[in-house]
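Novice: Got a structure for you, structure_29.cif, holding mmCIF, C-alpha atoms.
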```cif
data_model
#
loop_
_atom_site.label_atom_id
_atom_site.label_comp_id
_atom_site.auth_asym_id
_atom_site.auth_seq_id
_atom_site.Cartn_x
_atom_site.Cartn_y
_atom_site.Cartn_z
CA MET I 1 98.02 -102.78 11.63
CA THR I 2 96.98 -100.16 9.15
CA THR I 3 98.60 -100.31 5.76
CA ALA I 4 100.27 -96.97 5.05
CA LYS I 5 97.85 -94.92 2.96
CA ARG I 6 98.80 -92.45 0.33
CA ASP I 7 98.76 -89.11 2.13
CA THR I 8 95.52 -87.47 1.08
CA TYR I 9 95.33 -85.44 4.27
CA THR I 10 95.00 -81.70 4.58
CA PRO I 11 95.90 -79.95 7.84
CA GLU I 12 92.13 -79.88 8.51
CA THR I 13 91.42 -83.59 8.07
CA LEU I 14 94.60 -84.53 9.93
CA LEU I 15 93.28 -82.41 12.80
CA THR I 16 90.10 -84.50 13.00
CA VAL I 17 92.15 -87.66 13.54
CA ALA I 18 94.54 -85.98 16.00
CA VAL I 19 91.72 -84.61 18.18
CA GLN I 20 90.13 -88.04 18.39
CA ILE I 21 93.41 -89.63 19.52
CA PHE I 22 94.18 -86.77 21.97
CA ASN I 23 90.74 -87.28 23.54
CA GLU I 24 91.20 -91.07 23.74
CA ARG I 25 94.76 -91.18 25.10
CA GLY I 26 95.14 -87.72 26.61
CA TYR I 27 97.44 -85.14 24.99
CA ASP I 28 100.40 -86.11 27.20
CA GLY I 29 99.90 -89.79 26.42
CA THR I 30 99.84 -89.30 22.63
CA SER I 31 103.06 -89.69 20.62
CA MET I 32 103.69 -88.86 16.96
CA GLU I 33 103.84 -92.64 16.54
CA HIS I 34 100.24 -92.95 17.79
CA LEU I 35 99.13 -90.18 15.42
CA SER I 36 100.96 -91.77 12.51
CA LYS I 37 99.31 -95.16 13.16
CA ALA I 38 95.84 -93.64 13.59
CA ALA I 39 96.13 -91.56 10.42
CA GLY I 40 97.71 -94.44 8.51
CA ILE I 41 100.48 -92.18 7.13
CA SER I 42 104.15 -91.87 8.04
CA LYS I 43 105.44 -89.47 10.64
CA SER I 44 107.33 -87.54 7.96
CA SER I 45 104.05 -87.08 6.09
CA ILE I 46 102.56 -85.57 9.25
CA TYR I 47 105.58 -83.26 9.58
CA HIS I 48 104.86 -82.18 6.01
CA HIS I 49 101.57 -80.67 7.30
CA VAL I 50 102.43 -79.50 10.83
CA SER I 51 105.51 -78.87 12.97
CA GLY I 52 104.45 -81.48 15.55
CA LYS I 53 101.77 -82.51 18.00
CA GLU I 54 101.77 -79.16 19.82
CA GLU I 55 100.76 -77.39 16.61
CA LEU I 56 97.89 -79.86 16.23
CA LEU I 57 96.83 -79.11 19.80
CA ARG I 58 97.01 -75.36 19.17
CA ARG I 59 94.89 -75.65 16.01
CA ALA I 60 92.36 -77.86 17.78
CA VAL I 61 91.85 -75.73 20.90
CA SER I 62 91.89 -72.56 18.75
CA ARG I 63 88.92 -73.93 16.83
CA ALA I 64 87.01 -74.43 20.11
CA LEU I 65 88.08 -71.06 21.55
CA ASP I 66 87.33 -69.12 18.34
CA SER I 67 83.81 -70.60 18.25
CA LEU I 68 83.21 -69.74 21.91
CA PHE I 69 84.56 -66.17 21.65
CA ALA I 70 82.58 -65.62 18.42
CA VAL I 71 79.40 -66.07 20.49
CA LEU I 72 80.32 -63.00 22.57
CA ASP I 73 80.43 -60.88 19.38
CA GLU I 74 77.01 -61.98 18.12
CA ALA I 75 74.20 -59.42 18.21
CA GLY I 76 72.30 -61.34 20.91
CA ALA I 77 75.32 -61.07 23.21
CA GLN I 78 75.87 -57.37 22.47
CA ARG I 79 72.42 -55.80 22.59
CA GLY I 80 69.63 -55.68 25.14
CA ARG I 81 69.52 -56.07 28.89
CA ALA I 82 72.39 -58.01 30.49
CA ILE I 83 70.00 -60.76 31.65
CA GLU I 84 68.88 -61.34 28.04
CA ARG I 85 72.48 -61.30 26.84
CA ILE I 86 73.67 -63.81 29.45
CA GLU I 87 70.79 -66.16 28.60
CA TYR I 88 71.71 -65.82 24.93
CA VAL I 89 75.39 -66.56 25.62
CA THR I 90 74.48 -69.60 27.77
CA ARG I 91 72.21 -71.01 25.04
CA ARG I 92 74.80 -70.43 22.30
CA THR I 93 77.65 -71.85 24.42
CA VAL I 94 75.69 -75.09 24.75
CA GLU I 95 75.14 -75.08 20.99
CA VAL I 96 78.86 -74.57 20.35
CA LEU I 97 79.69 -77.45 22.73
CA MET I 98 77.36 -79.73 20.80
CA ALA I 99 78.56 -78.57 17.35
CA GLU I 100 82.28 -78.70 18.20
CA LEU I 101 82.12 -81.54 20.73
CA PRO I 102 85.57 -83.17 20.20
CA TYR I 103 87.34 -79.79 20.06
CA VAL I 104 85.67 -78.41 23.19
CA THR I 105 86.21 -81.74 24.99
CA LEU I 106 89.94 -81.43 24.29
CA LEU I 107 89.93 -77.79 25.42
CA LEU I 108 88.27 -78.72 28.72
CA ARG I 109 90.83 -81.47 29.39
CA VAL I 110 93.89 -79.31 28.84
CA ARG I 111 96.18 -79.50 31.89
CA GLY I 112 98.82 -76.77 31.50
CA ASN I 113 102.03 -78.78 30.98
CA THR I 114 103.06 -76.99 27.77
CA LYS I 115 103.06 -73.38 26.54
CA THR I 116 100.09 -74.05 24.27
CA GLU I 117 98.13 -75.64 27.11
CA ARG I 118 98.82 -72.68 29.42
CA TRP I 119 97.74 -70.29 26.66
CA ALA I 120 94.51 -72.29 26.24
CA LEU I 121 93.84 -72.16 29.99
CA ASP I 122 94.38 -68.37 29.96
CA ARG I 123 91.89 -67.97 27.11
CA ARG I 124 89.35 -70.18 28.91
CA ARG I 125 89.68 -68.03 32.02
CA GLU I 126 89.19 -64.94 29.85
CA PHE I 127 85.96 -66.40 28.44
CA ASP I 128 84.73 -67.33 31.93
CA GLN I 129 85.55 -63.78 33.06
CA ARG I 130 83.49 -62.26 30.22
CA VAL I 131 80.51 -64.42 31.23
CA SER I 132 81.03 -63.55 34.88
CA ASP I 133 81.04 -59.81 33.94
CA LEU I 134 77.70 -60.26 32.14
CA LEU I 135 76.26 -61.95 35.25
CA LYS I 136 77.51 -59.04 37.38
CA ALA I 137 75.88 -56.55 34.98
CA ALA I 138 72.58 -58.47 35.23
CA ALA I 139 72.87 -58.39 39.02
CA ALA I 140 73.52 -54.62 38.89
CA ASP I 141 70.33 -54.24 36.80
CA GLY I 142 68.44 -55.99 39.61
CA ASP I 143 67.57 -58.91 37.32
CA LEU I 144 69.60 -61.53 39.21
CA ARG I 145 68.94 -62.83 42.70
CA THR I 146 71.21 -61.18 45.24
CA ASP I 147 71.56 -64.05 47.72
CA VAL I 148 74.16 -65.91 45.63
CA ASP I 149 77.85 -65.28 44.97
CA ILE I 150 78.48 -64.50 41.27
CA ARG I 151 81.88 -66.21 41.21
CA LEU I 152 80.28 -69.36 42.58
CA VAL I 153 77.37 -69.12 40.16
CA THR I 154 79.76 -68.76 37.20
CA ARG I 155 81.51 -71.97 38.24
CA LEU I 156 78.25 -73.86 38.72
CA LEU I 157 76.87 -72.62 35.40
CA PHE I 158 80.00 -73.74 33.54
CA GLY I 159 80.03 -76.95 35.59
CA MET I 160 76.56 -77.74 34.26
CA VAL I 161 77.27 -76.64 30.68
CA ASN I 162 80.68 -78.32 30.46
CA SER I 163 79.33 -81.60 31.86
CA LEU I 164 77.80 -82.07 28.39
CA VAL I 165 81.14 -83.28 27.04
CA GLU I 166 80.93 -86.24 29.45
CA TRP I 167 77.49 -87.48 28.45
CA TYR I 168 76.15 -85.75 25.33
CA ARG I 169 76.55 -87.83 22.17
CA PRO I 170 75.07 -86.51 18.92
CA HIS I 171 72.56 -88.66 17.09
CA PRO I 172 73.80 -89.84 13.72
CA GLY I 173 72.33 -87.55 11.08
CA GLY I 174 71.72 -84.61 13.37
CA SER I 175 70.27 -84.37 16.84
CA PRO I 176 66.62 -83.40 17.22
CA GLU I 177 67.31 -82.90 20.95
CA GLY I 178 69.91 -80.17 20.32
CA GLY I 179 67.60 -77.17 20.63
CA GLN I 180 65.76 -78.73 23.57
CA LEU I 181 69.03 -79.33 25.42
CA ALA I 182 70.23 -75.72 25.10
CA GLU I 183 66.77 -74.46 26.13
CA THR I 184 66.64 -76.80 29.16
CA VAL I 185 70.02 -75.51 30.38
CA VAL I 186 68.79 -71.90 30.13
CA ARG I 187 65.44 -72.61 31.82
CA LEU I 188 67.08 -74.60 34.64
CA ALA I 189 69.79 -71.99 35.28
CA PHE I 190 67.68 -68.83 35.00
CA ASP I 191 64.12 -69.82 35.91
CA GLY I 192 64.79 -72.92 38.02
CA LEU I 193 62.93 -76.22 38.07
CA ARG I 194 60.13 -75.24 40.43
CA THR I 195 56.79 -74.07 39.11
CA GLU I 196 55.83 -70.56 40.24
CA GLU I 197 53.11 -71.94 42.52
CA ALA I 198 55.54 -74.22 44.35
CA SER I 199 58.10 -71.55 45.18
CA MET D 200 113.07 -91.66 47.72
CA THR D 201 111.20 -92.33 50.93
CA THR D 202 112.99 -94.34 53.57
CA ALA D 203 110.86 -97.39 54.38
CA LYS D 204 108.84 -96.56 57.48
CA ARG D 205 107.82 -99.01 60.12
CA ASP D 206 104.32 -100.05 59.09
CA THR D 207 101.99 -98.13 61.37
CA TYR D 208 99.17 -98.22 58.83
CA THR D 209 95.67 -99.49 59.37
CA PRO D 210 93.47 -100.38 56.38
CA GLU D 211 91.83 -96.94 56.94
CA THR D 212 94.98 -94.81 56.85
CA LEU D 213 96.41 -96.84 53.96
CA LEU D 214 93.19 -96.03 52.09
CA THR D 215 93.80 -92.28 52.46
CA VAL D 216 97.17 -92.62 50.72
CA ALA D 217 95.83 -94.97 48.03
CA VAL D 218 92.92 -92.66 47.12
CA GLN D 219 95.30 -89.72 46.73
CA ILE D 220 97.55 -91.70 44.37
CA PHE D 221 94.59 -93.13 42.43
CA ASN D 222 93.31 -89.58 41.89
CA GLU D 223 96.73 -88.30 40.82
CA ARG D 224 97.71 -91.14 38.46
CA GLY D 225 94.37 -92.66 37.62
CA TYR D 226 93.42 -96.10 38.94
CA ASP D 227 94.68 -97.87 35.78
CA GLY D 228 97.98 -95.99 35.94
CA THR D 229 98.67 -96.90 39.60
CA SER D 230 100.79 -99.95 40.41
CA MET D 231 101.41 -101.60 43.79
CA GLU D 232 104.92 -100.16 43.40
CA HIS D 233 103.49 -96.61 43.27
CA LEU D 234 101.37 -97.31 46.37
CA SER D 235 104.32 -98.81 48.22
CA LYS D 236 106.50 -95.74 47.46
CA ALA D 237 103.78 -93.25 48.40
CA ALA D 238 103.01 -95.04 51.67
CA GLY D 239 106.69 -95.58 52.43
CA ILE D 240 106.13 -99.24 53.28
CA SER D 241 106.92 -102.42 51.37
CA LYS D 242 104.50 -104.13 49.01
CA SER D 243 104.31 -107.13 51.33
CA SER D 244 103.27 -104.79 54.16
CA ILE D 245 100.43 -103.52 51.96
CA TYR D 246 99.39 -107.11 51.19
CA HIS D 247 99.25 -107.64 54.94
CA HIS D 248 96.35 -105.15 55.04
CA VAL D 249 94.57 -105.72 51.72
CA SER D 250 94.48 -108.27 48.92
CA GLY D 251 95.60 -105.71 46.32
CA LYS D 252 94.79 -102.43 44.65
CA GLU D 253 91.29 -103.53 43.58
CA GLU D 254 90.34 -104.04 47.25
CA LEU D 255 91.58 -100.51 48.00
CA LEU D 256 89.45 -99.21 45.13
CA ARG D 257 86.41 -101.11 46.40
CA ARG D 258 86.84 -99.74 49.94
CA ALA D 259 87.32 -96.19 48.62
CA VAL D 260 84.33 -96.07 46.28
CA SER D 261 82.21 -97.89 48.89
CA ARG D 262 82.91 -95.07 51.31
CA ALA D 263 81.66 -92.52 48.74
CA LEU D 264 78.65 -94.64 47.71
CA ASP D 265 77.64 -95.44 51.32
CA SER D 266 77.68 -91.72 52.18
CA LEU D 267 75.60 -90.85 49.11
CA PHE D 268 73.02 -93.64 49.64
CA ALA D 269 72.79 -92.76 53.35
CA VAL D 270 71.40 -89.35 52.29
CA LEU D 271 68.42 -91.08 50.68
CA ASP D 272 67.56 -92.72 54.03
CA GLU D 273 67.64 -89.48 56.04
CA ALA D 274 64.34 -88.08 57.30
CA GLY D 275 64.52 -85.05 54.97
CA ALA D 276 64.69 -87.39 51.97
CA GLN D 277 61.87 -89.60 53.20
CA ARG D 278 59.18 -87.22 54.44
CA GLY D 279 57.30 -84.28 52.92
CA ARG D 280 56.47 -83.30 49.37
CA ALA D 281 58.73 -84.68 46.64
CA ILE D 282 59.95 -81.16 45.75
CA GLU D 283 61.15 -80.64 49.34
CA ARG D 284 62.77 -84.06 49.39
CA ILE D 285 64.63 -83.52 46.11
CA GLU D 286 65.90 -80.13 47.31
CA TYR D 287 67.06 -81.82 50.53
CA VAL D 288 68.83 -84.61 48.62
CA THR D 289 70.53 -82.07 46.30
CA ARG D 290 71.78 -80.00 49.26
CA ARG D 291 73.02 -83.07 51.17
CA THR D 292 74.67 -84.54 48.05
CA VAL D 293 76.71 -81.35 47.68
CA GLU D 294 77.64 -81.60 51.37
CA VAL D 295 78.75 -85.24 50.95
CA LEU D 296 80.86 -84.26 47.93
CA MET D 297 82.61 -81.59 49.99
CA ALA D 298 83.08 -83.82 53.05
CA GLU D 299 84.28 -86.89 51.12
CA LEU D 300 85.96 -85.03 48.24
CA PRO D 301 88.81 -87.47 47.38
CA TYR D 302 86.52 -90.52 47.64
CA VAL D 303 83.75 -89.02 45.49
CA THR D 304 86.34 -87.71 43.01
CA LEU D 305 87.63 -91.26 42.60
CA LEU D 306 84.08 -92.60 42.25
CA LEU D 307 83.29 -90.09 39.49
CA ARG D 308 86.44 -91.02 37.56
CA VAL D 309 85.82 -94.77 37.56
CA ARG D 310 85.90 -96.09 33.97
CA GLY D 311 84.59 -99.66 34.07
CA ASN D 312 87.67 -101.73 33.19
CA THR D 313 87.45 -104.04 36.22
CA LYS D 314 84.65 -105.84 38.06
CA THR D 315 84.84 -103.36 40.96
CA GLU D 316 84.66 -100.39 38.61
CA ARG D 317 81.62 -101.84 36.81
CA TRP D 318 79.96 -102.47 40.18
CA ALA D 319 80.66 -98.84 41.17
CA LEU D 320 79.18 -97.57 37.89
CA ASP D 321 76.04 -99.70 38.49
CA ARG D 322 75.64 -98.25 41.99
CA ARG D 323 76.11 -94.69 40.64
CA ARG D 324 73.40 -95.30 38.06
CA GLU D 325 71.16 -96.63 40.83
CA PHE D 326 71.69 -93.44 42.84
CA ASP D 327 70.99 -91.26 39.77
CA GLN D 328 67.83 -93.29 39.17
CA ARG D 329 66.61 -92.70 42.73
CA VAL D 330 67.13 -88.94 42.27
CA SER D 331 65.43 -89.06 38.87
CA ASP D 332 62.44 -90.86 40.48
CA LEU D 333 62.16 -88.07 43.07
CA LEU D 334 62.17 -85.47 40.28
CA LYS D 335 59.43 -87.43 38.49
CA ALA D 336 57.38 -87.52 41.69
CA ALA D 337 57.78 -83.73 42.07
CA ALA D 338 56.66 -83.28 38.47
CA ALA D 339 53.61 -85.52 39.13
CA ASP D 340 52.76 -83.27 42.12
CA GLY D 341 52.77 -80.28 39.74
CA ASP D 342 55.71 -78.73 41.57
CA LEU D 343 58.19 -79.02 38.67
CA ARG D 344 58.05 -77.19 35.36
CA THR D 345 56.65 -79.41 32.64
CA ASP D 346 58.57 -78.00 29.65
CA VAL D 347 61.78 -79.90 30.46
CA ASP D 348 62.76 -83.55 30.08
CA ILE D 349 63.41 -85.16 33.49
CA ARG D 350 66.17 -87.43 32.20
CA LEU D 351 67.98 -84.38 30.78
CA VAL D 352 67.42 -82.39 33.98
CA THR D 353 68.87 -85.24 36.08
CA ARG D 354 72.03 -85.19 33.96
CA LEU D 355 72.37 -81.40 34.13
CA LEU D 356 71.75 -81.37 37.88
CA PHE D 357 74.44 -84.01 38.46
CA GLY D 358 76.67 -82.25 35.91
CA MET D 359 76.50 -79.11 38.04
CA VAL D 360 76.87 -80.92 41.38
CA ASN D 361 79.65 -83.24 40.22
CA SER D 362 81.64 -80.36 38.69
CA LEU D 363 82.55 -79.50 42.30
CA VAL D 364 85.22 -82.19 42.32
CA GLU D 365 87.03 -80.24 39.56
CA TRP D 366 87.20 -76.86 41.30
CA TYR D 367 86.11 -77.05 44.95
CA ARG D 368 89.04 -77.12 47.38
CA PRO D 369 88.31 -77.02 51.12
CA HIS D 370 89.84 -74.23 53.17
CA PRO D 371 92.34 -75.48 55.74
CA GLY D 372 90.55 -75.67 59.06
CA GLY D 373 87.05 -76.00 57.64
CA SER D 374 85.26 -74.11 54.90
CA PRO D 375 82.97 -71.24 55.84
CA GLU D 376 81.67 -71.34 52.26
CA GLY D 377 80.41 -74.91 52.62
CA GLY D 378 76.84 -74.11 53.60
CA GLN D 379 76.65 -71.27 51.10
CA LEU D 380 77.82 -73.51 48.28
CA ALA D 381 75.18 -76.18 48.91
CA GLU D 382 72.50 -73.51 49.24
CA THR D 383 73.59 -71.79 45.98
CA VAL D 384 73.33 -75.08 44.08
CA VAL D 385 69.79 -75.61 45.39
CA ARG D 386 68.68 -72.01 44.66
CA LEU D 387 70.17 -72.06 41.17
CA ALA D 388 68.66 -75.43 40.25
CA PHE D 389 65.20 -74.98 41.76
CA ASP D 390 64.49 -71.24 41.79
CA GLY D 391 66.84 -70.10 39.01
CA LEU D 392 69.06 -67.02 38.88
CA ARG D 393 66.47 -64.51 37.71
CA THR D 394 64.59 -62.35 40.15
CA GLU D 395 60.81 -62.80 40.08
CA GLU D 396 60.33 -59.37 38.48
CA ALA D 397 62.71 -60.13 35.64
CA SER D 398 61.05 -63.40 34.59
#
```
Starting from the file, give its structure as structure tokens.

Specialist:
Amino acid sequence: MTTAKRDTYTPETLLTVAVQIFNERGYDGTSMEHLSKAAGISKSSIYHHVSGKEELLRRAVSRALDSLFAVLDEAGAQRGRAIERIEYVTRRTVEVLMAELPYVTLLLRVRGNTKTERWALDRRREFDQRVSDLLKAAAADGDLRTDVDIRLVTRLLFGMVNSLVEWYRPHPGGSPEGGQLAETVVRLAFDGLRTEEAS
Amino acid sequence: MTTAKRDTYTPETLLTVAVQIFNERGYDGTSMEHLSKAAGISKSSIYHHVSGKEELLRRAVSRALDSLFAVLDEAGAQRGRAIERIEYVTRRTVEVLMAELPYVTLLLRVRGNTKTERWALDRRREFDQRVSDLLKAAAADGDLRTDVDIRLVTRLLFGMVNSLVEWYRPHPGGSPEGGQLAETVVRLAFDGLRTEEAS
């Protein structure tokens, strides 16, 4: 048992605790009671900050979605050939996943049982669509192989990138592998594993 | 409510029902009561076939693991240059995932709370290790790019392949996309998405 702490939470710090519990127990399996115990403050103290667990979910997945969509507005995603832009977006998406790991993990586990979850799924599909459009533009430029289906490639690319939430764990005090990881994803997806001579 | 059916199950057909329920509710969240309701037979009828839900789990993940390990013994995985063998294993692994979708889905969701689950996780690691060894052999032959970490590549490759269980759904009456899907995974992973001219 946690002794009830004086409520020194802000909506931001409460969110950190909530996301951890959502990821451990699943959003559906988390009650306000669980959140209250984990935060060590009363339920009424939580209601002082937010209207309920759905607001916490909305704030959490918004943080992940805002970070992902922000990538699409960066200069590297806006200028240059489509192939350069899609490589840039892939690299930065991996970096966002690593930087916002618990928030993106929660976003990727959303099921669609509530209004907020369905909204999050819609936004995810919108992001996937934007990436798919970039891949199509690169294909139209003749920079992408033509023997693959773009819809399938989009799914496989996200399958690879999103798998990070299952196995990537940051090193305490910053990960030296971070840059290498993002670069490996880009090299694997766009240049492939084979050396030129072997292909 | 399902009216109790006369028990026409065999251990095999009972397994089909059990795997579906395990995948829907999670193995931990499934009781013998849930299995009995889904199968429409009494718990004692189930105990006539198997010792309990852990035996059903063991049979189900064994089916997935046996199919995956069998790939490593096929001629295409045994003969030729390592780069050809690893491409073969990747293609066939995708095909096994599609053919044994519910069984592999269950295998990939195993958590490690019971002896059977820990055994399944050990076997999965063993399979990943065998694939990683093939990638190392291809790198030693000079057929794999040297600027990537093999351990990382193994994870990304399985991340991409295993993501299939989240989004691939077979078409009723056989999937015409099956061959294309396996081929796309291999092309993406080994040759990359860029055309030669663009790289």

Novice: State, in Å with one decimal place, the distance from atom CA of D:Thr292 to atom CA of D:Val360.

Specialist: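 Interatomic distance, atom CA of D:Thr292 to atom CA of D:Val360: 7.9 Å.
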
Novice: When you get a sec, could you note down which chain D residues fall within 8 Å of chain I, using all atoms listed in the file, as a ChimeraX atom specification?

Specialist: /D:282,341-344,347-348,351-352,355-363,380,383-384,386-394,396-398

Novice: Using the chain letters and residue numbers of this document, give as a PyMOL selection string the residues selected by the PyMOL selection byres ((chain D and resi 263) around 8).

Specialist: chain D and resi 259-262+264-267+299+302-303+306

Novice: With only C-alpha atoms as the atoms that count, which of I:Ala82, I:Val94, I:Leu72, I:Leu121 lies nearest to I:Leu134?

Specialist: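 Closest candidate: I:Ala82.
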
Novice: For a quick check of your reading of the model, name the residues lying within 12 Å of the coordinate (100.6, -95.0, 19.2), counting all atoms listed in the file, and write them as a list in words.

Specialist: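 Residues satisfying the cut-off, written out: Met1, Thr2, Ala18, Ile21, Phe22, Glu24, Arg25, Gly26, Tyr27, Asp28, Gly29, Thr30, Ser31, Met32, Glu33, His34, Leu35, Ser36, Lys37, Ala38, Ala39, Gly40 and Lys43 of chain I.
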
Novice: Could you tell me how far atom CA of I:Arg59 lies from atom CA of I:Trp119, in Å and to one decimal?

Specialist: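 Pair atom CA of I:Arg59 / atom CA of I:Trp119 returns 12.3 Å.
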
Novice: Measure the distance from atom CA of D:Val216 to atom CA of D:Gly378 in Å and round it to one decimal.

Specialist: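 Taking atom CA of D:Val216 as the start and atom CA of D:Gly378 as the end point, the length is 27.6 Å.
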
Novice: Take every atom of stretch 289-295 of chain D listed in the file, fit an axis-aligned box around them, add 4 Å per side, and give the centre and edge lengths in Å to one decimal as lines of an AutoDock Vina configuration file.

Specialist:
```
center_x = 74.6
center_y = -82.6
center_z = 48.8
size_x = 16.2
size_y = 13.2
size_z = 13.1
```
